[in-house]
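Structure file run-v2.tsv (TSV, C-alpha atoms) follows.
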chain	number	residue	atom	x	y	z
Y	1	MET	CA	0.00	0.00	0.00
Y	2	GLY	CA	2.97	2.36	0.65
Y	3	SER	CA	1.92	6.01	0.80
Y	4	LYS	CA	-1.73	5.44	-0.06
Y	5	HIS	CA	-4.19	6.37	2.68
Y	6	VAL	CA	-6.30	3.63	4.22
Y	7	THR	CA	-9.89	3.64	3.00
Y	8	ASP	CA	-13.02	3.55	5.16
Y	9	GLU	CA	-13.70	0.05	3.93
Y	10	GLN	CA	-10.21	-1.14	4.91
Y	11	ILE	CA	-10.52	0.40	8.37
Y	12	GLN	CA	-13.89	-1.23	8.94
Y	13	ARG	CA	-12.59	-4.58	7.75
Y	14	LEU	CA	-9.64	-4.27	10.10
Y	15	LEU	CA	-11.86	-3.44	13.06
Y	16	ASP	CA	-14.28	-6.25	12.14
Y	17	GLU	CA	-11.24	-8.52	12.20
Y	18	GLN	CA	-11.92	-9.59	8.65
Y	19	GLU	CA	-8.53	-8.34	7.57
Y	20	VAL	CA	-5.14	-8.23	9.29
Y	21	VAL	CA	-2.87	-5.21	9.19
Y	22	SER	CA	-0.33	-5.85	6.46
Y	23	GLY	CA	3.24	-4.59	6.65
Y	24	ASP	CA	2.50	-1.85	4.11
Y	25	VAL	CA	-0.51	-0.57	6.04
Y	26	ALA	CA	1.39	-0.67	9.32
Y	27	ALA	CA	4.26	1.31	7.75
Y	28	HIS	CA	1.82	3.86	6.35
Y	29	LEU	CA	0.02	4.25	9.66
Y	30	ARG	CA	3.30	4.95	11.46
Y	31	GLU	CA	3.95	7.96	9.25
Y	32	CYS	CA	0.36	9.18	8.60
Y	33	PRO	CA	-1.43	10.96	11.48
Y	34	ALA	CA	-4.53	11.52	9.30
Y	35	CYS	CA	-5.07	7.78	8.86
Y	36	ARG	CA	-4.37	7.15	12.55
Y	37	ARG	CA	-7.01	9.74	13.38
Y	38	GLU	CA	-9.50	8.03	11.03
Y	39	ILE	CA	-8.91	4.71	12.78
Y	40	GLY	CA	-9.35	6.44	16.16
Y	41	ILE	CA	-12.70	7.84	15.07
Y	42	TYR	CA	-13.91	4.44	13.93
Y	43	GLN	CA	-12.70	2.83	17.16
Y	44	GLN	CA	-14.82	5.28	19.13
Y	45	ILE	CA	-17.81	4.62	16.89
Y	46	TYR	CA	-17.46	0.88	17.43
Y	47	GLU	CA	-17.23	1.47	21.16
Y	48	GLY	CA	-20.37	3.64	21.16
Y	49	LEU	CA	-22.29	1.11	19.07
Y	50	GLY	CA	-21.46	-1.63	21.54
Y	51	GLN	CA	-22.98	0.19	24.51
Y	52	ASP	CA	-26.64	-0.15	25.42
Y	53	ASP	CA	-27.14	2.84	27.71
Y	54	GLY	CA	-30.76	3.97	27.69
Y	55	LEU	CA	-32.04	0.82	25.98
Y	56	GLN	CA	-33.46	-0.81	29.10
Y	57	LEU	CA	-37.03	-1.66	29.99
Y	58	SER	CA	-38.69	-0.74	33.25
Y	59	PRO	CA	-38.13	-3.14	36.20
Y	60	GLY	CA	-41.68	-4.54	36.28
Y	61	PHE	CA	-41.76	-5.30	32.58
Y	62	SER	CA	-42.32	-9.07	32.69
Y	63	GLU	CA	-45.13	-8.69	35.26
Y	64	SER	CA	-46.89	-6.16	33.04
Y	65	VAL	CA	-46.66	-8.51	30.04
Y	66	ILE	CA	-48.15	-11.36	32.05
Y	67	ALA	CA	-50.93	-9.07	33.33
Y	68	ARG	CA	-51.73	-7.80	29.84
Y	69	LEU	CA	-51.75	-11.33	28.50
Y	70	ALA	CA	-54.06	-12.53	31.27
Y	71	ALA	CA	-56.44	-9.62	30.66
Y	72	SER	CA	-56.61	-10.27	26.93
Y	73	GLU	CA	-57.10	-14.02	27.46
Y	74	GLN	CA	-60.01	-13.31	29.79
Y	75	THR	CA	-61.80	-11.05	27.34
Y	76	SER	CA	-61.16	-13.14	24.24
Y	77	SER	CA	-62.07	-16.60	25.53
Y	78	LYS	CA	-65.42	-16.67	27.31
Y	79	PRO	CA	-66.31	-20.31	27.85
Y	80	TRP	CA	-69.03	-21.91	25.75
Y	81	PRO	CA	-71.29	-22.93	28.70
Y	82	TRP	CA	-71.89	-19.22	29.29
Y	83	ARG	CA	-72.52	-18.44	25.66
Y	84	ILE	CA	-75.26	-21.05	25.13
Y	85	PRO	CA	-77.61	-19.71	27.85
Y	86	ALA	CA	-76.95	-16.19	26.55
Y	87	PHE	CA	-77.99	-17.27	23.06
Y	88	VAL	CA	-81.08	-19.14	24.30
Y	89	GLY	CA	-82.08	-16.21	26.50
Y	90	GLY	CA	-81.70	-13.75	23.62
Y	91	ALA	CA	-83.81	-15.94	21.35
Y	92	ALA	CA	-86.52	-16.24	24.05
Y	93	ILE	CA	-86.65	-12.45	24.45
Y	94	ILE	CA	-87.05	-11.99	20.70
Y	95	CYS	CA	-89.87	-14.61	20.60
Y	96	ALA	CA	-91.64	-12.88	23.49
Y	97	ILE	CA	-91.46	-9.52	21.72
Y	98	VAL	CA	-92.86	-11.05	18.52
Y	99	TRP	CA	-95.66	-12.71	20.47
Y	100	LEU	CA	-96.55	-9.61	22.48
Y	101	ILE	CA	-96.51	-7.09	19.67
Y	102	ASP	CA	-99.09	-7.21	16.91
Y	103	LEU	CA	-96.97	-7.62	13.82
Y	104	SER	CA	-99.79	-8.21	11.31
Y	105	PRO	CA	-99.53	-4.74	9.59
Y	106	LEU	CA	-95.79	-5.23	9.16
Y	107	LEU	CA	-96.29	-8.76	7.82
Y	108	ASP	CA	-98.89	-7.48	5.33
Y	109	ARG	CA	-96.41	-4.92	4.06
Y	110	LEU	CA	-93.71	-7.57	3.85
Y	111	SER	CA	-95.94	-9.91	1.85
Y	112	GLY	CA	-96.70	-7.02	-0.55
Y	113	LEU	CA	-92.98	-6.37	-0.91
Y	114	SER	CA	-92.24	-10.05	-1.54
Y	115	ALA	CA	-94.94	-10.19	-4.25
Y	116	TYR	CA	-93.36	-7.16	-5.93
Y	117	LEU	CA	-89.88	-8.78	-5.75
Y	118	VAL	CA	-91.22	-12.01	-7.28
Y	119	SER	CA	-92.80	-10.13	-10.19
Y	120	LEU	CA	-89.56	-8.17	-10.68
Y	121	GLY	CA	-87.54	-11.41	-10.73
Y	122	SER	CA	-89.84	-13.07	-13.25
Y	123	SER	CA	-89.62	-10.04	-15.58
Y	124	VAL	CA	-85.79	-10.19	-15.37
Y	125	VAL	CA	-85.87	-13.90	-16.23
Y	126	THR	CA	-88.18	-13.21	-19.20
Y	127	SER	CA	-85.80	-10.50	-20.44
Y	128	MET	CA	-82.83	-12.82	-20.07
Y	129	GLN	CA	-84.66	-15.51	-22.06
Y	130	ALA	CA	-85.28	-12.99	-24.85
Y	131	VAL	CA	-81.61	-12.04	-24.88
Y	132	CYS	CA	-80.59	-15.70	-25.02
Y	133	THR	CA	-82.90	-16.31	-27.95
Y	134	ASP	CA	-81.41	-13.32	-29.77
Y	135	LEU	CA	-77.86	-14.50	-29.11
Y	136	GLY	CA	-78.71	-17.96	-30.45
Y	137	SER	CA	-75.60	-19.98	-31.34
Y	138	THR	CA	-73.14	-17.51	-29.73
Y	139	LEU	CA	-74.52	-18.19	-26.24
Y	140	PRO	CA	-72.16	-21.08	-25.37
Y	141	LEU	CA	-69.21	-18.88	-26.36
Y	142	VAL	CA	-70.41	-16.02	-24.12
Y	143	VAL	CA	-70.95	-18.41	-21.20
Y	144	ALA	CA	-67.51	-19.99	-21.70
Y	145	THR	CA	-65.84	-16.55	-21.78
Y	146	GLY	CA	-67.65	-15.57	-18.59
Y	147	LEU	CA	-66.56	-18.75	-16.84
Y	148	ILE	CA	-62.92	-18.23	-17.91
Y	149	LEU	CA	-62.98	-14.66	-16.61
Y	150	LEU	CA	-64.53	-15.84	-13.36
Y	151	PHE	CA	-61.84	-18.52	-13.01
Y	152	PHE	CA	-59.04	-15.96	-13.44
Y	153	ALA	CA	-60.70	-13.57	-11.00
Y	154	VAL	CA	-60.88	-16.32	-8.37
Y	155	LEU	CA	-57.29	-17.35	-9.09
Y	156	ASP	CA	-56.06	-13.77	-8.80
Y	157	ARG	CA	-57.88	-13.34	-5.51
Y	158	ALA	CA	-56.38	-16.55	-4.17
Y	159	LEU	CA	-52.86	-15.49	-5.18
Y	160	LEU	CA	-53.30	-12.06	-3.63
Y	161	ARG	CA	-54.48	-13.58	-0.39
Y	162	SER	CA	-51.57	-15.99	-0.19
Y	163	ARG	CA	-48.90	-13.33	-0.79
Y	164	PRO	CA	-46.78	-13.13	2.35
Y	165	GLY	CA	-46.56	-9.80	4.09
Y	166	HIS	CA	-44.32	-8.85	6.98
Y	167	TRP	CA	-47.29	-8.59	9.27
Y	168	CYS	CA	-47.25	-12.36	9.48
Y	169	LEU	CA	-44.68	-14.10	11.57
S	1	MET	CA	-25.72	-9.61	24.78
S	2	GLY	CA	-24.29	-12.63	23.07
S	3	MET	CA	-26.29	-15.28	21.30
S	4	LYS	CA	-27.68	-18.01	23.49
S	5	ASP	CA	-27.54	-21.66	22.74
S	6	GLU	CA	-31.12	-22.76	22.12
S	7	THR	CA	-30.74	-26.50	22.31
S	8	GLU	CA	-32.15	-28.57	25.15
S	9	PRO	CA	-32.80	-25.77	27.69
S	10	GLY	CA	-34.54	-23.76	24.98
S	11	ARG	CA	-36.71	-26.71	23.97
S	12	LEU	CA	-37.56	-27.40	27.57
S	13	LEU	CA	-38.56	-23.79	28.14
S	14	VAL	CA	-40.77	-23.76	25.04
S	15	THR	CA	-42.39	-27.06	26.03
S	16	GLU	CA	-43.06	-25.73	29.51
S	17	ILE	CA	-44.67	-22.57	28.15
S	18	LEU	CA	-46.80	-24.52	25.70
S	19	GLY	CA	-47.92	-26.64	28.63
S	20	GLY	CA	-49.26	-23.50	30.31
S	21	ASN	CA	-46.41	-22.74	32.69
S	22	THR	CA	-46.55	-18.99	33.27
S	23	ALA	CA	-43.33	-18.98	35.29
S	24	ALA	CA	-41.52	-20.45	32.29
S	25	PHE	CA	-42.85	-17.65	30.12
S	26	GLU	CA	-41.60	-15.14	32.66
S	27	THR	CA	-38.19	-16.79	32.40
S	28	LEU	CA	-38.33	-16.40	28.63
S	29	ILE	CA	-39.21	-12.71	28.98
S	30	GLY	CA	-36.32	-12.22	31.39
S	31	ARG	CA	-33.94	-13.94	29.02
S	32	TYR	CA	-34.89	-12.05	25.88
S	33	GLN	CA	-36.25	-8.69	27.03
S	34	LYS	CA	-32.89	-7.01	26.63
S	35	LEU	CA	-32.59	-8.24	23.07
S	36	VAL	CA	-36.13	-7.14	22.21
S	37	ALA	CA	-35.55	-3.75	23.86
S	38	HIS	CA	-32.42	-3.20	21.78
S	39	VAL	CA	-34.34	-3.67	18.56
S	40	VAL	CA	-37.48	-1.81	19.58
S	41	PHE	CA	-35.70	1.10	21.25
S	42	ARG	CA	-33.45	1.55	18.26
S	43	MET	CA	-36.23	1.34	15.68
S	44	ILE	CA	-38.90	3.35	17.48
S	45	THR	CA	-37.92	6.91	18.27
S	46	ASN	CA	-41.11	7.78	20.14
S	47	ARG	CA	-40.25	6.94	23.73
S	48	SER	CA	-43.84	6.56	24.89
S	49	ASP	CA	-44.52	3.80	22.33
S	50	ARG	CA	-41.44	1.71	23.03
S	51	GLU	CA	-42.41	-0.25	26.12
S	52	ASP	CA	-45.88	-0.89	24.76
S	53	ILE	CA	-44.39	-2.37	21.58
S	54	CYS	CA	-42.04	-4.55	23.62
S	55	GLN	CA	-45.07	-5.92	25.47
S	56	GLU	CA	-46.84	-6.53	22.18
S	57	VAL	CA	-43.80	-8.49	20.94
S	58	PHE	CA	-43.88	-10.85	23.91
S	59	ILE	CA	-47.63	-11.33	23.63
S	60	LYS	CA	-47.11	-12.34	19.99
S	61	VAL	CA	-44.30	-14.67	21.06
S	62	TYR	CA	-46.64	-16.33	23.57
S	63	ARG	CA	-49.52	-16.68	21.13
S	64	HIS	CA	-47.44	-18.06	18.28
S	65	LEU	CA	-44.92	-20.14	20.18
S	66	ASP	CA	-46.54	-23.34	18.90
S	67	ARG	CA	-45.43	-22.30	15.40
S	68	PHE	CA	-41.78	-22.21	16.42
S	69	LYS	CA	-40.22	-25.39	15.03
S	70	PHE	CA	-36.62	-24.91	16.20
S	71	GLU	CA	-35.48	-24.33	12.64
S	72	SER	CA	-33.63	-21.25	13.87
S	73	LYS	CA	-32.47	-20.00	17.22
S	74	LEU	CA	-35.29	-18.94	19.52
S	75	SER	CA	-33.55	-15.56	19.88
S	76	THR	CA	-33.53	-15.07	16.09
S	77	TRP	CA	-37.23	-15.94	15.93
S	78	ILE	CA	-38.09	-13.53	18.74
S	79	VAL	CA	-36.02	-10.71	17.25
S	80	ARG	CA	-37.73	-11.30	13.91
S	81	ILE	CA	-41.10	-10.81	15.60
S	82	ALA	CA	-39.77	-7.64	17.26
S	83	TYR	CA	-38.45	-6.35	13.96
S	84	ASN	CA	-41.73	-7.04	12.12
S	85	THR	CA	-43.78	-5.49	14.91
S	86	CYS	CA	-41.66	-2.34	14.65
S	87	LEU	CA	-42.04	-2.30	10.87
S	88	ASN	CA	-45.82	-2.51	11.23
S	89	HIS	CA	-45.77	0.29	13.78
S	90	LEU	CA	-43.66	2.53	11.54
S	91	GLU	CA	-45.94	1.80	8.59
S	92	LYS	CA	-49.03	2.56	10.65
S	93	LYS	CA	-47.54	5.85	11.78
S	94	ARG	CA	-46.27	6.52	8.24
S	95	LEU	CA	-42.76	6.99	9.52
S	96	PRO	CA	-39.89	6.46	7.10
S	97	LEU	CA	-37.96	3.25	7.42
S	98	ILE	CA	-35.16	4.29	5.12
S	99	ASP	CA	-34.75	8.00	4.65
S	100	ASP	CA	-31.16	8.13	3.62
S	101	LEU	CA	-29.25	5.73	1.47
S	102	THR	CA	-26.80	8.24	0.11
S	103	ASP	CA	-23.22	8.12	1.22
S	104	GLY	CA	-23.43	10.81	3.81
S	105	ASP	CA	-23.66	13.82	1.54
S	106	GLN	CA	-26.32	15.39	3.73
S	107	GLY	CA	-25.21	17.62	6.53
S	108	ALA	CA	-25.93	16.94	10.16
S	109	GLU	CA	-28.05	20.08	10.37
S	110	MET	CA	-30.68	18.36	8.21
S	111	PHE	CA	-31.42	15.86	10.95
S	112	PRO	CA	-33.45	16.38	14.08
S	113	ASP	CA	-31.51	17.11	17.22
S	114	THR	CA	-31.71	14.55	20.00
S	115	GLY	CA	-31.69	17.18	22.71
S	116	LEU	CA	-27.97	16.82	23.40
S	117	THR	CA	-26.42	19.97	22.01
S	118	PRO	CA	-22.77	19.92	20.93
S	119	ASP	CA	-21.91	22.30	23.77
S	120	ARG	CA	-23.49	20.10	26.40
S	121	LEU	CA	-21.80	17.08	24.95
S	122	THR	CA	-18.45	18.84	25.02
S	123	GLU	CA	-19.04	19.54	28.67
S	124	GLN	CA	-19.82	15.91	29.31
S	125	ARG	CA	-16.65	14.81	27.56
S	126	ASP	CA	-18.31	11.55	26.68
S	127	ILE	CA	-17.42	10.33	23.22
S	128	ALA	CA	-19.61	7.27	23.39
S	129	ALA	CA	-22.60	9.46	24.27
S	130	ARG	CA	-21.98	11.54	21.16
S	131	VAL	CA	-21.88	8.39	19.08
S	132	ARG	CA	-25.09	7.09	20.63
S	133	ALA	CA	-26.80	10.44	20.15
S	134	GLU	CA	-25.83	10.41	16.50
S	135	ILE	CA	-27.14	6.86	16.02
S	136	GLU	CA	-30.60	8.27	16.78
S	137	ASN	CA	-30.29	10.45	13.68
S	138	LEU	CA	-29.79	7.52	11.35
S	139	SER	CA	-32.78	5.88	9.71
S	140	ALA	CA	-34.44	2.91	11.44
S	141	GLN	CA	-33.00	0.33	9.07
S	142	PHE	CA	-29.42	1.48	9.71
S	143	ARG	CA	-30.01	1.62	13.44
S	144	VAL	CA	-31.37	-1.90	13.69
S	145	VAL	CA	-28.65	-3.49	11.57
S	146	LEU	CA	-25.89	-1.70	13.49
S	147	THR	CA	-27.47	-2.66	16.81
S	148	LEU	CA	-27.91	-6.32	15.98
S	149	TYR	CA	-24.32	-6.56	14.79
S	150	HIS	CA	-22.49	-4.49	17.39
S	151	LEU	CA	-24.65	-4.75	20.47
S	152	ASP	CA	-26.21	-8.18	20.11
S	153	GLU	CA	-23.22	-9.67	18.33
S	154	MET	CA	-25.31	-11.32	15.67
S	155	SER	CA	-23.77	-12.64	12.48
S	156	TYR	CA	-24.51	-11.24	9.02
S	157	GLU	CA	-26.53	-14.39	8.28
S	158	GLU	CA	-28.70	-14.00	11.37
S	159	ILE	CA	-29.35	-10.32	10.62
S	160	ALA	CA	-30.26	-11.25	7.05
S	161	ARG	CA	-32.71	-13.85	8.34
S	162	ILE	CA	-34.30	-11.41	10.77
S	163	THR	CA	-34.64	-8.51	8.37
S	164	ASP	CA	-35.29	-10.50	5.17
S	165	MET	CA	-32.45	-8.64	3.50
S	166	PRO	CA	-29.84	-10.24	1.25
S	167	LEU	CA	-26.46	-10.75	2.91
S	168	GLY	CA	-24.84	-8.12	0.72
S	169	THR	CA	-27.44	-5.55	1.74
S	170	VAL	CA	-26.79	-6.23	5.42
S	171	LYS	CA	-23.04	-5.69	4.89
S	172	SER	CA	-23.75	-2.57	2.89
S	173	TYR	CA	-25.98	-1.14	5.62
S	174	LEU	CA	-23.30	-1.80	8.21
S	175	PHE	CA	-20.58	-0.15	6.16
S	176	ARG	CA	-22.70	2.83	5.16
S	177	GLY	CA	-24.12	3.27	8.63
S	178	ARG	CA	-20.70	3.44	10.24
S	179	LYS	CA	-19.40	5.73	7.51
S	180	LEU	CA	-22.40	8.04	7.92
S	181	LEU	CA	-21.77	8.16	11.66
S	182	LYS	CA	-18.13	9.05	11.11
S	183	GLU	CA	-18.97	11.79	8.61
S	184	ARG	CA	-21.70	13.33	10.74
S	185	LEU	CA	-19.65	13.23	13.90
S	186	THR	CA	-16.58	14.78	12.29
S	187	GLU	CA	-18.82	17.38	10.65
S	188	LYS	CA	-20.55	18.25	13.89
S	189	TYR	CA	-17.70	18.41	16.33
S	190	VAL	CA	-14.32	20.03	16.24
S	191	VAL	CA	-11.76	17.36	15.52
S	192	GLU	CA	-9.42	18.30	18.35
S	193	ASP	CA	-12.33	18.29	20.75
S	194	ILE	CA	-13.02	14.62	20.52
S	195	TRP	CA	-10.81	12.49	18.48
S	196	ASP	CA	-7.33	13.68	19.32
S	197	ARG	CA	-7.89	12.65	22.91
S	198	SER	CA	-8.45	9.11	21.82
S	199	MET	CA	-5.15	8.82	20.00
I need this file expressed as structure tokens, please.
Amino acid sequence: MGSKHVTDEQIQRLLDEQEVVSGDVAAHLRECPACRREIGIYQQIYEGLGQDDGLQLSPGFSESVIARLAASEQTSSKPWPWRIPAFVGGAAIICAIVWLIDLSPLLDRLSGLSAYLVSLGSSVVTSMQAVCTDLGSTLPLVVATGLILLFFAVLDRALLRSRPGHWCL
Amino acid sequence: MGMKDETEPGRLLVTEILGGNTAAFETLIGRYQKLVAHVVFRMITNRSDREDICQEVFIKVYRHLDRFKFESKLSTWIVRIAYNTCLNHLEKKRLPLIDDLTDGDQGAEMFPDTGLTPDRLTEQRDIAARVRAEIENLSAQFRVVLTLYHLDEMSYEEIARITDMPLGTVKSYLFRGRKLLKERLTEKYVVEDIWDRSM
């Protein structure tokens, strides 16, 4: 190396112990205060990076994790024996309300609505039949194209869902 | 903190935890909390969020421990969870993960101050404190790679596994991070003030 200054990369490799100081480098360092200063700076940086001042957790950390875990377990896992009576009770209350309140006007309106929906559906079917008749021999081709598109849409969705993100472990 | 040997004692600890032993989980927390804190504290600059994120990391460890198949060291697996939790947090807060990949051509005045002014630091005469203060001004990705290598003594391969980075990128981050630190420190402080004392 002779009179050439040591590079940042060389200094870092030396300090990482990936490289040993060759005779040339040693000779250069003896006569070059600038390079010695550079090595000194890096040595201090390495020293600072190896210290963990201010990176400590509070003394009761593990207890607080256990407490938080216990609290979340309690809220997330209510046992089934408690859920079944809650469900049955809820259903009984709904039945009682239905029985107590006169729902006949509402049911009349609902039956009217359902009749309207049925007529709407049948008119849509009739229209579709007319379209199919008009399309004639091209219908199988249209259906096949639709199925292919549907297949690719499902495939794309499946691939998107399976793409790993860093939110997973 | 050096790497621990996760062979039989590690397996035993995991088995105990999976069997519902809370004390064993407390032991695990005690063993790895320092490691998790290093990663979280270095990646998350907001002090009020740090401890909460550390807790979140250990809750995830507990909930997903049955997925750990001893294909890597338990410490590597836990640090990976810590790293990913921090990434999610930074994304959620829209904080930059990498804000500087240039070779230190930006001046130190462009970066937020950590509260330790050069004058105060000169008074303290603490070189390591200056270095640590300057680490805070690096981007999260630099900070975590430098911490895992220097503080936790992890190998390039382990860091690559934790961060999902190629080996070359890990080495590049280390080199650039240290070079950035050197440039910013020499730019910020008078040479005679710090470095000549160390010669």
Any idea what the distance is between atom CA of Val20 of chain Y and atom CA of Lys4 of chain Y?
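Here the two named atoms are 16.9 Å from each other.
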Nearest to chain S by atom-to-atom distance, counting only C-alpha atoms, from Y:Ser62, Y:Thr133, Y:Thr138, Y:Ser122:
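Among the listed residues, the smallest separation from chain S belongs to Y:Ser62.
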From the list S:Asp49, S:Glu26, S:Glu187, S:Asp66, which residue is nearest chain Y when using only C-alpha atoms?
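Using only C-alpha atoms, the shortest distance to chain Y belongs to S:Glu26.
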Counting all atoms listed in the file, which residues in chain S sit no more than 9 Å from chain Y? For each one, give the nearest pair of atoms and the distance in Å, sorted by chain then residue number, as a Markdown table.
| residue | atom | partner | partner_atom | distance |
| --- | --- | --- | --- | --- |
| S:Thr22 | CA | Y:Ile66 | CA | 7.9 |
| S:Phe25 | CA | Y:Ile66 | CA | 8.4 |
| S:Glu26 | CA | Y:Ser62 | CA | 6.1 |
| S:Thr27 | CA | Y:Ser62 | CA | 8.8 |
| S:Ile29 | CA | Y:Ser62 | CA | 6.1 |
| S:Gly30 | CA | Y:Ser62 | CA | 6.9 |
| S:Gln33 | CA | Y:Leu57 | CA | 7.7 |
| S:Lys34 | CA | Y:Gln56 | CA | 6.7 |
| S:Ala37 | CA | Y:Leu55 | CA | 6.1 |
| S:His38 | CA | Y:Leu55 | CA | 5.8 |
| S:Val39 | CA | Y:Leu55 | CA | 9.0 |
| S:Val40 | CA | Y:Leu55 | CA | 8.8 |
| S:Phe41 | CA | Y:Leu55 | CA | 6.0 |
| S:Arg42 | CA | Y:Leu55 | CA | 7.9 |
| S:Arg50 | CA | Y:Leu57 | CA | 8.9 |
| S:Glu51 | CA | Y:Leu57 | CA | 6.8 |
| S:Cys54 | CA | Y:Leu57 | CA | 8.6 |
| S:Gln55 | CA | Y:Val65 | CA | 5.5 |
| S:Glu56 | CA | Y:Val65 | CA | 8.1 |
| S:Phe58 | CA | Y:Val65 | CA | 7.1 |
| S:Ile59 | CA | Y:Leu69 | CA | 6.4 |
| S:Lys60 | CA | Y:Leu169 | CA | 8.9 |
| S:Tyr62 | CA | Y:Leu69 | CA | 8.7 |
| S:His64 | CA | Y:Leu169 | CA | 8.3 |
| S:Trp77 | CA | Y:Leu169 | CA | 8.8 |
| S:Arg80 | CA | Y:Leu169 | CA | 7.8 |
| S:Ile81 | CA | Y:Leu169 | CA | 6.3 |
| S:Asn84 | CA | Y:His166 | CA | 6.0 |
| S:Thr85 | CA | Y:Trp167 | CA | 7.3 |
| S:Leu87 | CA | Y:His166 | CA | 8.0 |
| S:Asn88 | CA | Y:Trp167 | CA | 6.6 |
| S:Ile127 | CA | Y:Gln44 | CA | 7.0 |
| S:Ala128 | CA | Y:Gly48 | CA | 4.3 |
| S:Ala129 | CA | Y:Gly48 | CA | 7.0 |
| S:Arg130 | CA | Y:Gly48 | CA | 8.1 |
| S:Val131 | CA | Y:Gly48 | CA | 5.4 |
| S:Arg132 | CA | Y:Gly48 | CA | 5.9 |
| S:Ile135 | CA | Y:Leu49 | CA | 8.1 |
| S:Leu146 | CA | Y:Leu49 | CA | 7.2 |
| S:Thr147 | CA | Y:Leu49 | CA | 6.8 |
| S:Tyr149 | CA | Y:Gly50 | CA | 8.8 |
| S:His150 | CA | Y:Gly50 | CA | 5.1 |
| S:Leu151 | CA | Y:Gly50 | CA | 4.6 |
| S:Asp152 | CA | Y:Gly50 | CA | 8.2 |
| S:Glu153 | CA | Y:Gly50 | CA | 8.8 |
| S:Phe175 | CA | Y:Glu9 | CA | 7.2 |
| S:Arg178 | CA | Y:Ile45 | CA | 7.3 |
| S:Lys179 | CA | Y:Asp8 | CA | 7.1 |
| S:Leu181 | CA | Y:Ile45 | CA | 7.5 |
| S:Lys182 | CA | Y:Ile41 | CA | 6.8 |
| S:Leu185 | CA | Y:Ile41 | CA | 8.9 |
| S:Thr186 | CA | Y:Ile41 | CA | 8.4 |
| S:Ile194 | CA | Y:Ile41 | CA | 8.7 |
| S:Trp195 | CA | Y:Ile41 | CA | 6.1 |
| S:Asp196 | CA | Y:Arg37 | CA | 7.1 |
| S:Ser198 | CA | Y:Gly40 | CA | 6.3 |
| S:Met199 | CA | Y:Gly40 | CA | 6.2 |
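Neighbours of segment 168-174 of chain S closer than or equal to 8 Å, with all atoms listed in the file counted and sequence neighbours fewer than 4 positions away skipped, come out as Gln141, Phe142, Val145, Leu146, Tyr156, Ile159, Ala160 and Arg178 of chain S.
Coordinates place atom CA of Thr45 of chain S at a distance of 10.7 Å from atom CA of Leu138 of chain S.
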Atom CA of Arg11 of chain S to atom CA of Leu35 of chain S, distance in Å rounded to a single decimal:
18.9 Å
For Ser72 of chain S, which of S:Glu158, S:Val14, S:Leu90, S:Met43 is the closest residue, counting all atoms listed in the file?
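Using all atoms listed in the file, the shortest distance to Ser72 of chain S belongs to S:Glu158.
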Closest to Leu12 of chain S among S:Val36, S:Leu28, S:Ala82, S:Val144, using all atoms listed in the file?
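The answer is S:Leu28, which sits nearest to Leu12 of chain S.
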